file data-v8.pdb (PDB, C-alpha atoms and all ligand atoms)
ATOM      1  CA  MET A   1       0.000   0.000   0.000
ATOM      2  CA  THR A   2       1.292   3.471  -0.880
ATOM      3  CA  ASP A   3       2.055   5.690   2.109
ATOM      4  CA  LYS A   4       0.021   8.856   1.525
ATOM      5  CA  ARG A   5       2.050  11.110   3.746
ATOM      6  CA  PRO A   6       2.435  14.501   2.099
ATOM      7  CA  TRP A   7       5.498  15.887   0.422
ATOM      8  CA  LEU A   8       6.552  19.296   1.622
ATOM      9  CA  VAL A   9       8.696  20.912  -1.054
ATOM     10  CA  ILE A  10      10.949  23.713   0.144
ATOM     11  CA  GLY A  11      12.843  26.025  -2.208
ATOM     12  CA  GLN A  12      11.192  28.007  -4.945
ATOM     13  CA  GLY A  13      14.168  27.667  -7.300
ATOM     14  CA  ALA A  14      14.065  25.740 -10.540
ATOM     15  CA  ILE A  15      14.909  22.326  -9.072
ATOM     16  CA  GLY A  16      12.447  22.595  -6.160
ATOM     17  CA  SER A  17       9.669  23.703  -8.500
ATOM     18  CA  LEU A  18      10.513  20.956 -10.998
ATOM     19  CA  MET A  19      10.353  18.309  -8.284
ATOM     20  CA  ALA A  20       7.068  19.701  -6.930
ATOM     21  CA  VAL A  21       5.429  19.452 -10.354
ATOM     22  CA  LYS A  22       6.869  16.004 -11.022
ATOM     23  CA  LEU A  23       5.676  14.667  -7.656
ATOM     24  CA  ALA A  24       2.211  16.127  -8.164
ATOM     25  CA  ALA A  25       2.132  14.449 -11.596
ATOM     26  CA  ILE A  26       2.403  10.993  -9.984
ATOM     27  CA  ASP A  27      -0.603  11.843  -7.866
ATOM     28  CA  VAL A  28       0.907  12.112  -4.415
ATOM     29  CA  PRO A  29      -0.020  14.994  -2.077
ATOM     30  CA  VAL A  30       2.371  17.924  -2.470
ATOM     31  CA  GLN A  31       2.526  21.204  -0.580
ATOM     32  CA  LEU A  32       4.969  24.063  -1.034
ATOM     33  CA  LYS A  33       6.501  25.667   2.011
ATOM     34  CA  LEU A  34       6.899  29.382   1.598
ATOM     35  CA  ARG A  35       9.110  31.444   3.809
ATOM     36  CA  SER A  36       7.366  32.125   7.101
ATOM     37  CA  GLU A  37       8.573  35.729   7.143
ATOM     38  CA  ASN A  38       6.510  36.458   4.027
ATOM     39  CA  ASP A  39       3.747  38.838   5.061
ATOM     40  CA  VAL A  40       1.106  37.519   2.747
ATOM     41  CA  ILE A  41       0.941  33.830   2.033
ATOM     42  CA  ASP A  42      -1.441  32.774  -0.693
ATOM     43  CA  ASP A  43      -3.151  29.401  -0.256
ATOM     44  CA  GLU A  44      -1.887  28.261  -3.614
ATOM     45  CA  GLN A  45       1.007  28.923  -5.911
ATOM     46  CA  LEU A  46       1.068  28.540  -9.654
ATOM     47  CA  ILE A  47       4.030  26.744 -11.207
ATOM     48  CA  ARG A  48       4.521  26.621 -14.957
ATOM     49  CA  LEU A  49       6.687  23.866 -16.389
ATOM     50  CA  GLY A  50       6.949  23.916 -20.177
ATOM     51  CA  SER A  51       3.342  23.970 -21.380
ATOM     52  CA  GLN A  52       1.979  22.592 -18.071
ATOM     53  CA  SER A  53       0.525  24.848 -15.347
ATOM     54  CA  LEU A  54      -0.173  23.593 -11.877
ATOM     55  CA  ARG A  55      -1.563  25.149  -8.721
ATOM     56  CA  LEU A  56      -0.091  23.708  -5.530
ATOM     57  CA  ALA A  57      -1.196  24.299  -1.955
ATOM     58  CA  THR A  58       1.171  26.347   0.192
ATOM     59  CA  VAL A  59       1.916  26.320   3.903
ATOM     60  CA  ASP A  60       4.225  28.435   6.022
ATOM     61  CA  LYS A  61       5.334  25.743   8.440
ATOM     62  CA  LEU A  62       5.646  22.004   8.931
ATOM     63  CA  THR A  63       2.596  20.793  10.854
ATOM     64  CA  THR A  64       2.258  17.128   9.940
ATOM     65  CA  PRO A  65       4.816  14.316   9.503
ATOM     66  CA  SER A  66       5.974  14.675   5.923
ATOM     67  CA  TRP A  67       8.594  13.819   3.412
ATOM     68  CA  ILE A  68      10.413  17.092   3.135
ATOM     69  CA  PHE A  69      12.240  17.796  -0.120
ATOM     70  CA  ALA A  70      14.410  20.895   0.271
ATOM     71  CA  ALA A  71      16.331  22.162  -2.770
ATOM     72  CA  VAL A  72      17.911  25.255  -1.317
ATOM     73  CA  LYS A  73      21.039  27.361  -1.317
ATOM     74  CA  ALA A  74      23.819  26.111   0.964
ATOM     75  CA  TYR A  75      23.468  29.137   3.253
ATOM     76  CA  GLN A  76      19.759  28.404   3.742
ATOM     77  CA  VAL A  77      20.277  24.877   5.102
ATOM     78  CA  ALA A  78      21.183  25.704   8.721
ATOM     79  CA  PRO A  79      18.382  28.285   9.256
ATOM     80  CA  LEU A  80      15.918  25.897   7.613
ATOM     81  CA  ILE A  81      16.839  22.968   9.861
ATOM     82  CA  ARG A  82      16.721  25.180  12.953
ATOM     83  CA  GLU A  83      13.220  26.254  11.919
ATOM     84  CA  LEU A  84      12.054  22.678  11.165
ATOM     85  CA  ARG A  85      13.326  21.538  14.559
ATOM     86  CA  THR A  86      10.804  23.828  16.241
ATOM     87  CA  SER A  87       7.974  21.696  14.819
ATOM     88  CA  LYS A  88       6.882  18.545  16.655
ATOM     89  CA  ALA A  89       6.196  16.910  13.288
ATOM     90  CA  TYR A  90       9.888  17.104  12.347
ATOM     91  CA  GLU A  91      10.849  14.093  14.414
ATOM     92  CA  ALA A  92       8.560  11.831  12.392
ATOM     93  CA  SER A  93       9.420  13.504   9.082
ATOM     94  CA  THR A  94      12.106  12.507   6.600
ATOM     95  CA  LEU A  95      14.328  15.312   5.349
ATOM     96  CA  ILE A  96      15.789  15.132   1.851
ATOM     97  CA  VAL A  97      18.174  17.971   1.044
ATOM     98  CA  SER A  98      19.869  19.097  -2.112
ATOM     99  CA  TYR A  99      22.345  21.969  -2.225
ATOM    100  CA  ASN A 100      25.672  22.859  -3.772
ATOM    101  CA  GLY A 101      28.807  22.518  -1.676
ATOM    102  CA  MET A 102      29.417  21.397   1.881
ATOM    103  CA  LEU A 103      28.655  22.826   5.303
ATOM    104  CA  ARG A 104      31.257  22.685   8.044
ATOM    105  CA  ASP A 105      28.682  21.566  10.638
ATOM    106  CA  GLU A 106      26.674  18.963   8.718
ATOM    107  CA  THR A 107      27.143  16.235  11.301
ATOM    108  CA  THR A 108      25.667  18.306  14.112
ATOM    109  CA  LEU A 109      22.983  19.863  11.951
ATOM    110  CA  MET A 110      21.632  16.740  10.322
ATOM    111  CA  ARG A 111      20.328  13.450  11.613
ATOM    112  CA  GLY A 112      22.090  10.307  10.376
ATOM    113  CA  SER A 113      18.943   9.234   8.536
ATOM    114  CA  ASP A 114      18.474  12.546   6.719
ATOM    115  CA  LEU A 115      19.011  12.095   3.015
ATOM    116  CA  HIS A 116      21.073  13.893   0.395
ATOM    117  CA  TRP A 117      19.750  14.035  -3.181
ATOM    118  CA  VAL A 118      22.409  14.665  -5.798
ATOM    119  CA  THR A 119      21.335  15.272  -9.372
ATOM    120  CA  THR A 120      22.599  16.006 -12.833
ATOM    121  CA  HIS A 121      19.139  17.150 -14.011
ATOM    122  CA  GLY A 122      19.371  20.739 -15.195
ATOM    123  CA  ALA A 123      16.553  23.241 -14.803
ATOM    124  CA  TYR A 124      16.308  26.997 -14.919
ATOM    125  CA  ARG A 125      13.703  29.669 -14.512
ATOM    126  CA  ASP A 126      12.776  31.691 -17.588
ATOM    127  CA  ALA A 127      10.587  34.597 -16.412
ATOM    128  CA  ASP A 128       7.665  32.815 -14.683
ATOM    129  CA  LYS A 129       8.365  29.423 -16.277
ATOM    130  CA  ILE A 130      10.533  26.494 -15.224
ATOM    131  CA  VAL A 131      12.490  24.890 -18.045
ATOM    132  CA  HIS A 132      13.680  21.292 -17.597
ATOM    133  CA  ALA A 133      16.752  21.892 -19.740
ATOM    134  CA  GLY A 134      18.792  18.749 -19.246
ATOM    135  CA  HIS A 135      17.524  15.268 -18.395
ATOM    136  CA  GLY A 136      20.085  13.716 -16.081
ATOM    137  CA  GLN A 137      20.115  11.224 -13.248
ATOM    138  CA  SER A 138      19.982  11.403  -9.458
ATOM    139  CA  TRP A 139      21.301   9.594  -6.411
ATOM    140  CA  LEU A 140      19.845   9.412  -2.927
ATOM    141  CA  GLY A 141      21.776   8.449   0.170
ATOM    142  CA  PRO A 142      21.924   9.004   3.917
ATOM    143  CA  GLN A 143      23.918  11.582   5.854
ATOM    144  CA  GLN A 144      25.404   8.671   7.778
ATOM    145  CA  SER A 145      26.060   5.540   5.743
ATOM    146  CA  GLY A 146      24.747   2.165   6.854
ATOM    147  CA  GLN A 147      21.012   2.978   6.705
ATOM    148  CA  ASN A 148      18.358   1.053   4.821
ATOM    149  CA  ALA A 149      16.899   2.711   1.745
ATOM    150  CA  PRO A 150      13.498   4.214   2.687
ATOM    151  CA  HIS A 151      11.365   2.278   0.236
ATOM    152  CA  GLU A 152       8.409   4.664  -0.275
ATOM    153  CA  VAL A 153      10.626   7.724  -0.619
ATOM    154  CA  MET A 154      12.820   5.978  -3.183
ATOM    155  CA  GLU A 155       9.862   4.634  -5.093
ATOM    156  CA  GLN A 156       8.019   7.964  -5.306
ATOM    157  CA  LEU A 157      11.079  10.075  -6.125
ATOM    158  CA  ALA A 158      12.148   7.556  -8.778
ATOM    159  CA  ARG A 159       8.697   7.595 -10.349
ATOM    160  CA  ALA A 160       8.525  11.389 -10.265
ATOM    161  CA  LEU A 161      11.960  12.153 -11.708
ATOM    162  CA  PRO A 162      13.810   9.061 -12.937
ATOM    163  CA  PRO A 163      16.340   7.577 -12.953
ATOM    164  CA  LEU A 164      17.237   7.457  -9.267
ATOM    165  CA  THR A 165      19.854   5.232  -7.629
ATOM    166  CA  TRP A 166      20.241   4.501  -3.933
ATOM    167  CA  GLU A 167      23.807   5.235  -2.845
ATOM    168  CA  ASP A 168      24.746   4.372   0.722
ATOM    169  CA  ASP A 169      28.075   6.180   0.250
ATOM    170  CA  ILE A 170      26.552   9.444  -0.992
ATOM    171  CA  ALA A 171      29.466  11.437   0.491
ATOM    172  CA  ARG A 172      31.722  10.354  -2.368
ATOM    173  CA  ARG A 173      29.200  11.517  -4.966
ATOM    174  CA  ARG A 174      28.812  14.835  -3.093
ATOM    175  CA  TRP A 175      32.595  15.359  -3.103
ATOM    176  CA  GLN A 176      32.656  14.738  -6.853
ATOM    177  CA  LYS A 177      29.890  17.298  -7.365
ATOM    178  CA  LEU A 178      31.673  19.710  -5.026
ATOM    179  CA  ALA A 179      34.796  19.384  -7.186
ATOM    180  CA  VAL A 180      32.865  20.062 -10.399
ATOM    181  CA  ASN A 181      31.299  23.176  -8.872
ATOM    182  CA  CYS A 182      34.664  24.390  -7.488
ATOM    183  CA  LEU A 183      36.251  23.895 -10.911
ATOM    184  CA  ILE A 184      33.545  25.750 -12.832
ATOM    185  CA  ASN A 185      31.455  28.200 -10.815
ATOM    186  CA  PRO A 186      34.059  30.691  -9.513
ATOM    187  CA  PHE A 187      35.638  31.046 -12.959
ATOM    188  CA  THR A 188      32.288  31.904 -14.557
ATOM    189  CA  VAL A 189      31.979  34.814 -12.116
ATOM    190  CA  LEU A 190      35.594  35.986 -12.363
ATOM    191  CA  HIS A 191      35.465  35.956 -16.168
ATOM    192  CA  LYS A 192      31.735  36.771 -16.504
ATOM    193  CA  CYS A 193      31.315  33.896 -18.915
ATOM    194  CA  ARG A 194      29.159  30.890 -19.678
ATOM    195  CA  ASN A 195      30.309  27.440 -18.545
ATOM    196  CA  GLY A 196      31.581  26.553 -22.024
ATOM    197  CA  GLU A 197      33.952  29.520 -22.091
ATOM    198  CA  ILE A 198      35.918  28.980 -18.885
ATOM    199  CA  LEU A 199      38.683  26.854 -20.410
ATOM    200  CA  GLN A 200      39.693  29.813 -22.568
ATOM    201  CA  HIS A 201      40.501  31.661 -19.348
ATOM    202  CA  VAL A 202      41.789  29.070 -16.872
ATOM    203  CA  THR A 203      45.280  27.616 -17.209
ATOM    204  CA  PRO A 204      45.542  23.797 -17.009
ATOM    205  CA  GLU A 205      47.973  24.253 -14.064
ATOM    206  CA  LEU A 206      45.466  26.241 -12.028
ATOM    207  CA  TRP A 207      42.623  23.824 -12.814
ATOM    208  CA  ARG A 208      44.797  20.876 -11.791
ATOM    209  CA  GLN A 209      45.884  22.606  -8.570
ATOM    210  CA  VAL A 210      42.246  23.312  -7.573
ATOM    211  CA  ALA A 211      41.398  19.637  -8.168
ATOM    212  CA  TYR A 212      44.520  18.453  -6.364
ATOM    213  CA  GLU A 213      43.666  20.417  -3.207
ATOM    214  CA  ILE A 214      40.162  18.900  -3.241
ATOM    215  CA  GLN A 215      41.594  15.411  -3.651
ATOM    216  CA  VAL A 216      43.964  15.925  -0.689
ATOM    217  CA  LEU A 217      41.184  17.195   1.595
ATOM    218  CA  ALA A 218      38.814  14.415   0.517
ATOM    219  CA  GLN A 219      41.508  11.870   1.305
ATOM    220  CA  TYR A 220      41.922  13.420   4.754
ATOM    221  CA  HIS A 221      38.182  12.733   5.207
ATOM    222  CA  GLY A 222      38.592   9.122   4.039
ATOM    223  CA  ILE A 223      37.331   9.625   0.491
ATOM    224  CA  GLU A 224      39.534   8.550  -2.411
ATOM    225  CA  LEU A 225      39.243  10.721  -5.510
ATOM    226  CA  ALA A 226      41.606  10.905  -8.487
ATOM    227  CA  VAL A 227      42.651  14.320  -9.827
ATOM    228  CA  ALA A 228      42.502  13.127 -13.458
ATOM    229  CA  THR A 229      38.945  11.840 -12.992
ATOM    230  CA  LEU A 230      37.815  15.077 -11.329
ATOM    231  CA  LEU A 231      39.222  17.082 -14.232
ATOM    232  CA  GLN A 232      37.569  14.786 -16.790
ATOM    233  CA  GLN A 233      34.230  15.050 -14.992
ATOM    234  CA  ALA A 234      34.471  18.843 -14.841
ATOM    235  CA  GLU A 235      35.424  19.024 -18.519
ATOM    236  CA  HIS A 236      32.486  16.817 -19.405
ATOM    237  CA  VAL A 237      30.126  19.134 -17.472
ATOM    238  CA  VAL A 238      31.693  22.209 -19.126
ATOM    239  CA  GLN A 239      30.889  20.701 -22.517
ATOM    240  CA  ALA A 240      27.458  19.352 -21.601
ATOM    241  CA  THR A 241      26.388  22.690 -20.064
ATOM    242  CA  ALA A 242      28.428  24.945 -22.376
ATOM    243  CA  ASN A 243      25.591  27.362 -22.946
ATOM    244  CA  ASN A 244      24.566  27.621 -19.257
ATOM    245  CA  ARG A 245      25.212  30.477 -16.936
ATOM    246  CA  SER A 246      26.339  28.801 -13.706
ATOM    247  CA  SER A 247      24.226  29.182 -10.578
ATOM    248  CA  MET A 248      26.992  31.353  -9.098
ATOM    249  CA  LEU A 249      27.047  33.673 -12.097
ATOM    250  CA  GLN A 250      23.254  33.982 -11.890
ATOM    251  CA  ASP A 251      23.432  34.730  -8.155
ATOM    252  CA  TYR A 252      26.158  37.300  -8.745
ATOM    253  CA  SER A 253      24.261  38.958 -11.623
ATOM    254  CA  GLN A 254      21.107  39.166  -9.506
ATOM    255  CA  ARG A 255      23.024  40.476  -6.487
ATOM    256  CA  ARG A 256      22.115  37.469  -4.348
ATOM    257  CA  PRO A 257      24.725  35.943  -2.013
ATOM    258  CA  THR A 258      26.779  33.312  -3.821
ATOM    259  CA  GLU A 259      27.688  29.840  -2.534
ATOM    260  CA  ILE A 260      31.452  30.513  -2.742
ATOM    261  CA  ASP A 261      31.886  30.036   1.047
ATOM    262  CA  TYR A 262      30.537  26.485   0.699
ATOM    263  CA  LEU A 263      32.540  25.589  -2.428
ATOM    264  CA  ASN A 264      36.127  26.866  -2.719
ATOM    265  CA  GLY A 265      35.672  28.583   0.656
ATOM    266  CA  PHE A 266      34.828  25.244   2.246
ATOM    267  CA  ILE A 267      37.917  23.625   0.685
ATOM    268  CA  ALA A 268      40.149  26.474   1.900
ATOM    269  CA  SER A 269      38.795  26.674   5.441
ATOM    270  CA  ALA A 270      38.433  22.918   6.019
ATOM    271  CA  SER A 271      41.974  22.411   4.652
ATOM    272  CA  ALA A 272      43.360  25.061   6.999
ATOM    273  CA  GLU A 273      41.608  23.393   9.930
ATOM    274  CA  ALA A 274      43.139  20.046   8.935
ATOM    275  CA  GLY A 275      46.621  21.604   8.660
ATOM    276  CA  LEU A 276      46.603  21.278   4.858
ATOM    277  CA  SER A 277      47.256  24.089   2.444
ATOM    278  CA  ALA A 278      44.842  24.984  -0.352
ATOM    279  CA  PRO A 279      46.217  28.181  -1.892
ATOM    280  CA  ALA A 280      44.357  27.948  -5.207
ATOM    281  CA  ASN A 281      40.961  27.461  -3.580
ATOM    282  CA  GLN A 282      41.811  30.122  -0.988
ATOM    283  CA  GLN A 283      42.589  32.606  -3.749
ATOM    284  CA  LEU A 284      39.428  31.832  -5.714
ATOM    285  CA  TRP A 285      37.414  32.227  -2.515
ATOM    286  CA  GLN A 286      38.965  35.633  -1.850
ATOM    287  CA  GLN A 287      38.646  36.815  -5.437
ATOM    288  CA  VAL A 288      34.962  35.923  -5.708
ATOM    289  CA  ALA A 289      34.189  37.200  -2.213
ATOM    290  CA  ALA A 290      35.914  40.500  -3.036
ATOM    291  CA  LEU A 291      33.686  40.877  -6.100
ATOM    292  CA  THR A 292      30.455  39.885  -4.440
ATOM    293  CA  GLY A 293      30.936  41.084  -0.893
ATOM    294  CA  ASP A 294      30.323  37.614   0.609
ATOM    295  CA  LEU A 295      31.628  37.636   4.135
ATOM    296  CA  GLY A 296      32.464  34.058   5.011
ATOM    297  CA  PRO A 297      30.397  31.158   6.356
ATOM    298  CA  ARG A 298      27.179  32.226   7.979
TER     299      ARG A 298
HETATM  300  O1  LIG B   1      25.803  22.866 -10.911
HETATM  301  C1  LIG B   1      26.166  23.732 -11.655
HETATM  302  C2  LIG B   1      25.926  25.126 -11.236
HETATM  303  O2  LIG B   1      25.788  26.009 -12.062
HETATM  304  O3  LIG B   1      25.855  25.324 -10.018
HETATM  305  C3  LIG B   1      26.893  23.406 -12.929
HETATM  306  C4  LIG B   1      27.111  21.923 -12.979
HETATM  307  C5  LIG B   1      28.198  24.119 -12.991
HETATM  308  C6  LIG B   1      26.074  23.703 -14.158
HETATM  309  O4  LIG B   1      25.914  25.040 -14.418
END

call {"tool": "encode", "arguments": {"input": "data-v8.pdb", "output": "C-alpha cells"}}
result
Amino acid sequence: MTDKRPWLVIGQGAIGSLMAVKLAAIDVPVQLKLRSENDVIDDEQLIRLGSQSLRLATVDKLTTPSWIFAAVKAYQVAPLIRELRTSKAYEASTLIVSYNGMLRDETTLMRGSDLHWVTTHGAYRDADKIVHAGHGQSWLGPQQSGQNAPHEVMEQLARALPPLTWEDDIARRRWQKLAVNCLINPFTVLHKCRNGEILQHVTPELWRQVAYEIQVLAQYHGIELAVATLLQQAEHVVQATANNRSSMLQDYSQRRPTEIDYLNGFIASASAEAGLSAPANQQLWQQVAALTGDLGPR
C-alpha cells in the first residue's frame, strides 16, 4: 500500500519547483513551504513547467509528519533545519536535502537518517516558467552511511523524476559534485562567462591545482578521488552545459549571495583546519568574495 504522507517541497528555485510538479504528476499529495517571514501567504502557488501549469497548496510551516524535499542554497540549510526543529512533526518527518557545496557543521545539523539528493538534471527559470533543460540522473543516500533505503521515498522520487539510484556512500558523490562546482562556478563569475567559455581563461595548471587540493582534503576525510577523474568530470560538465550560466554567475548577476563560502571557501577553510594548504581554492574564494561582498560562512 502506498504511504500517503504529504510531500513538503521547500525552495522556490528551478529544481524545487521541478520536483514539486513532477511529484504532483504521480498523484501524491504535495505542498509548497513558503518562507514564514513572508507577510502575505497565498493558499496556492502557480508553477509553470513547459506547457503545463499547476496550482499547488502552500503552507508556512511544517505541521504534519511529511517527506520534506528541500532544494535550497547552501546558506539556507542551517536556518531551515533550525526552523524545522521547532515543529513537533519534524521528528517523524524525513528530510531530503539538495544543495551545492558542503557545510562545516553537517554532522551536528543533520540526523544520520536525513538524506542527500544529488542530481545532474538541469533546470532553470525563464521569467515565470521552469524549463527542464537537461535530463540527467539522481542519487539518494543518507547523511550517515549504513542505513536502509526508505522504500516509499525511493519509489516515489524515482517515479517522479527518474532515474534514481540509492547510494549508501553518498558522500563520495557529493565530493565529486563539489569538485565540479569548485572547478567551474568561480571562474564563470571571475570571467563573466558561460560554462563553455571557462577553459579559454583558466590555465591547465590552475585547474589541476584546484582539483589536487580537493583530492587531498577528501583523502583526509577518508574519500579517495583521483585528480585526473575530477578534471575529466568537470570538462564533461563544461561541454554538456556549455551554454549555461552557472548558478553562481546567476546569483552574482542578480546580487544574491553566492555559494562561494561552501565551495572553494569550504575547501580552503576545512583544509586550513586540517593543517593542509589549499592556496588555489583560498585565492578563488577571496577573489569571488571581493567581487560579491560575501563575508564568510554564515
Ligand atoms: O551545478 C552547476 C551550477 O551552475 O551550479 C553546474 C554543474 C556548474 C552547471 O551550471

call {"tool": "closest_residue", "arguments": {"input": "data-v8.pdb", "among": "A:Gln147, A:Asn100, A:Asn195, A:Thr229", "to": "Asn264 of chain A", "atoms": "all atoms listed in the file"}}
result
A:Asn100

call {"tool": "resolve_selection", "arguments": {"input": "data-v8.pdb", "expression": "the PyMOL selection byres (((not hetatm)) within 8 of (chain B and resi 1))", "output": "list in words"}}
result
Asn100, Thr120, Gly122, Lys177, Val180, Asn181, Ile184, Asn185, Asn195, Val237, Val238, Thr241, Asn244, Arg245, Ser246, Ser247, Met248 and Leu249 of chain A

call {"tool": "atom_distance", "arguments": {"input": "data-v8.pdb", "atom1": "atom CA of Gln143 of chain A", "atom2": "atom CA of Ile26 of chain A"}}
result
26.7 Å

call {"tool": "resolve_selection", "arguments": {"input": "data-v8.pdb", "expression": "the PyMOL selection byres (((chain A and resi 83-89) around 9) and not hetatm)", "output": "list in words"}}
result
Lys61, Leu62, Thr63, Thr64, Pro65, Ser66, Ala78, Pro79, Leu80, Ile81, Arg82, Tyr90, Glu91, Ala92 and Ser93 of chain A

call {"tool": "resolve_selection", "arguments": {"input": "data-v8.pdb", "expression": "the PyMOL selection byres (((chain A and resi 273-275) around 12) and not hetatm)", "output": "list in words"}}
result
Arg104, Val216, Leu217, Ala218, Gln219, Tyr220, His221, Phe266, Ile267, Ala268, Ser269, Ala270, Ser271, Ala272, Leu276, Ser277 and Ala278 of chain A

call {"tool": "residues_near_point", "arguments": {"input": "data-v8.pdb", "point": "(13.6, 32.3, -6.5)", "cutoff": "12 Å", "atoms": "all atoms listed in the file", "output": "mmCIF file with C-alpha atoms, in the frame of the given file"}}
result
data_model
loop_
_atom_site.group_PDB
_atom_site.id
_atom_site.type_symbol
_atom_site.label_atom_id
_atom_site.label_comp_id
_atom_site.auth_asym_id
_atom_site.auth_seq_id
_atom_site.Cartn_x
_atom_site.Cartn_y
_atom_site.Cartn_z
ATOM 1 C CA ILE A 10 10.949 23.713 0.144
ATOM 2 C CA GLY A 11 12.843 26.025 -2.208
ATOM 3 C CA GLN A 12 11.192 28.007 -4.945
ATOM 4 C CA GLY A 13 14.168 27.667 -7.300
ATOM 5 C CA ALA A 14 14.065 25.740 -10.540
ATOM 6 C CA ILE A 15 14.909 22.326 -9.072
ATOM 7 C CA GLY A 16 12.447 22.595 -6.160
ATOM 8 C CA SER A 17 9.669 23.703 -8.500
ATOM 9 C CA LEU A 34 6.899 29.382 1.598
ATOM 10 C CA ARG A 35 9.110 31.444 3.809
ATOM 11 C CA ALA A 71 16.331 22.162 -2.770
ATOM 12 C CA VAL A 72 17.911 25.255 -1.317
ATOM 13 C CA LYS A 73 21.039 27.361 -1.317
ATOM 14 C CA TYR A 124 16.308 26.997 -14.919
ATOM 15 C CA ARG A 125 13.703 29.669 -14.512
ATOM 16 C CA ASP A 126 12.776 31.691 -17.588
ATOM 17 C CA ALA A 127 10.587 34.597 -16.412
ATOM 18 C CA ASP A 128 7.665 32.815 -14.683
ATOM 19 C CA LYS A 129 8.365 29.423 -16.277
ATOM 20 C CA ILE A 130 10.533 26.494 -15.224
ATOM 21 C CA SER A 247 24.226 29.182 -10.578
ATOM 22 C CA GLN A 250 23.254 33.982 -11.890
ATOM 23 C CA ASP A 251 23.432 34.730 -8.155
ATOM 24 C CA GLN A 254 21.107 39.166 -9.506
ATOM 25 C CA ARG A 256 22.115 37.469 -4.348
#

call {"tool": "residues_around", "arguments": {"input": "data-v8.pdb", "residues": "segment 197-202 of chain A", "least_positions_apart": "5", "cutoff": "9 Å", "atoms": "only C-alpha atoms", "output": "list in words"}}
result
Ile184, Phe187, Thr188, His191, Trp207, Glu235, Val238, Ala242 and Asn243 of chain A

call {"tool": "atom_distance", "arguments": {"input": "data-v8.pdb", "atom1": "atom CA of Leu56 of chain A", "atom2": "atom CA of Pro142 of chain A"}}
result
28.1 Å

call {"tool": "axis_aligned_box", "arguments": {"input": "data-v8.pdb", "around": "segment 221-224 of chain A", "padding_each_side": "3 Å", "output": "lines of an AutoDock Vina configuration file"}}
result
center_x = 38.4
center_y = 10.6
center_z = 1.4
size_x = 8.2
size_y = 10.2
size_z = 13.6

call {"tool": "atom_distance", "arguments": {"input": "data-v8.pdb", "atom1": "atom CA of Ser138 of chain A", "atom2": "atom CA of Gln176 of chain A"}}
result
13.4 Å

call {"tool": "residues_around", "arguments": {"input": "data-v8.pdb", "residues": "Leu178 of chain A", "least_positions_apart": "4", "cutoff": "7 Å", "atoms": "all atoms listed in the file", "output": "CSV table (one decimal) with C-alpha atoms, in the frame of the given file"}}
result
chain,number,residue,atom,x,y,z
A,100,ASN,CA,25.7,22.9,-3.8
A,101,GLY,CA,28.8,22.5,-1.7
A,174,ARG,CA,28.8,14.8,-3.1
A,182,CYS,CA,34.7,24.4,-7.5
A,263,LEU,CA,32.5,25.6,-2.4

call {"tool": "closest_residue", "arguments": {"input": "data-v8.pdb", "among": "A:Ser253, A:Val97, A:His132, A:Leu291", "to": "Ser51 of chain A", "atoms": "all atoms listed in the file"}}
result
A:His132

call {"tool": "residues_around", "arguments": {"input": "data-v8.pdb", "residues": "Asp42 of chain A", "least_positions_apart": "2", "cutoff": "9 Å", "atoms": "only C-alpha atoms", "output": "CSV table (one decimal) with C-alpha atoms, keeping the file's coordinate frame"}}
result
chain,number,residue,atom,x,y,z
A,40,VAL,CA,1.1,37.5,2.7
A,44,GLU,CA,-1.9,28.3,-3.6
A,45,GLN,CA,1.0,28.9,-5.9
A,57,ALA,CA,-1.2,24.3,-2.0
A,58,THR,CA,1.2,26.3,0.2
A,59,VAL,CA,1.9,26.3,3.9

call {"tool": "closest_residue", "arguments": {"input": "data-v8.pdb", "among": "A:Gln156, A:Ser145, A:Gln287, A:Gln233", "to": "Ala179 of chain A", "atoms": "all atoms listed in the file"}}
result
A:Gln233

call {"tool": "closest_residue", "arguments": {"input": "data-v8.pdb", "among": "A:Leu18, A:Leu109, A:Ile47, A:Val227", "to": "Phe69 of chain A", "atoms": "all atoms listed in the file"}}
result
A:Leu18
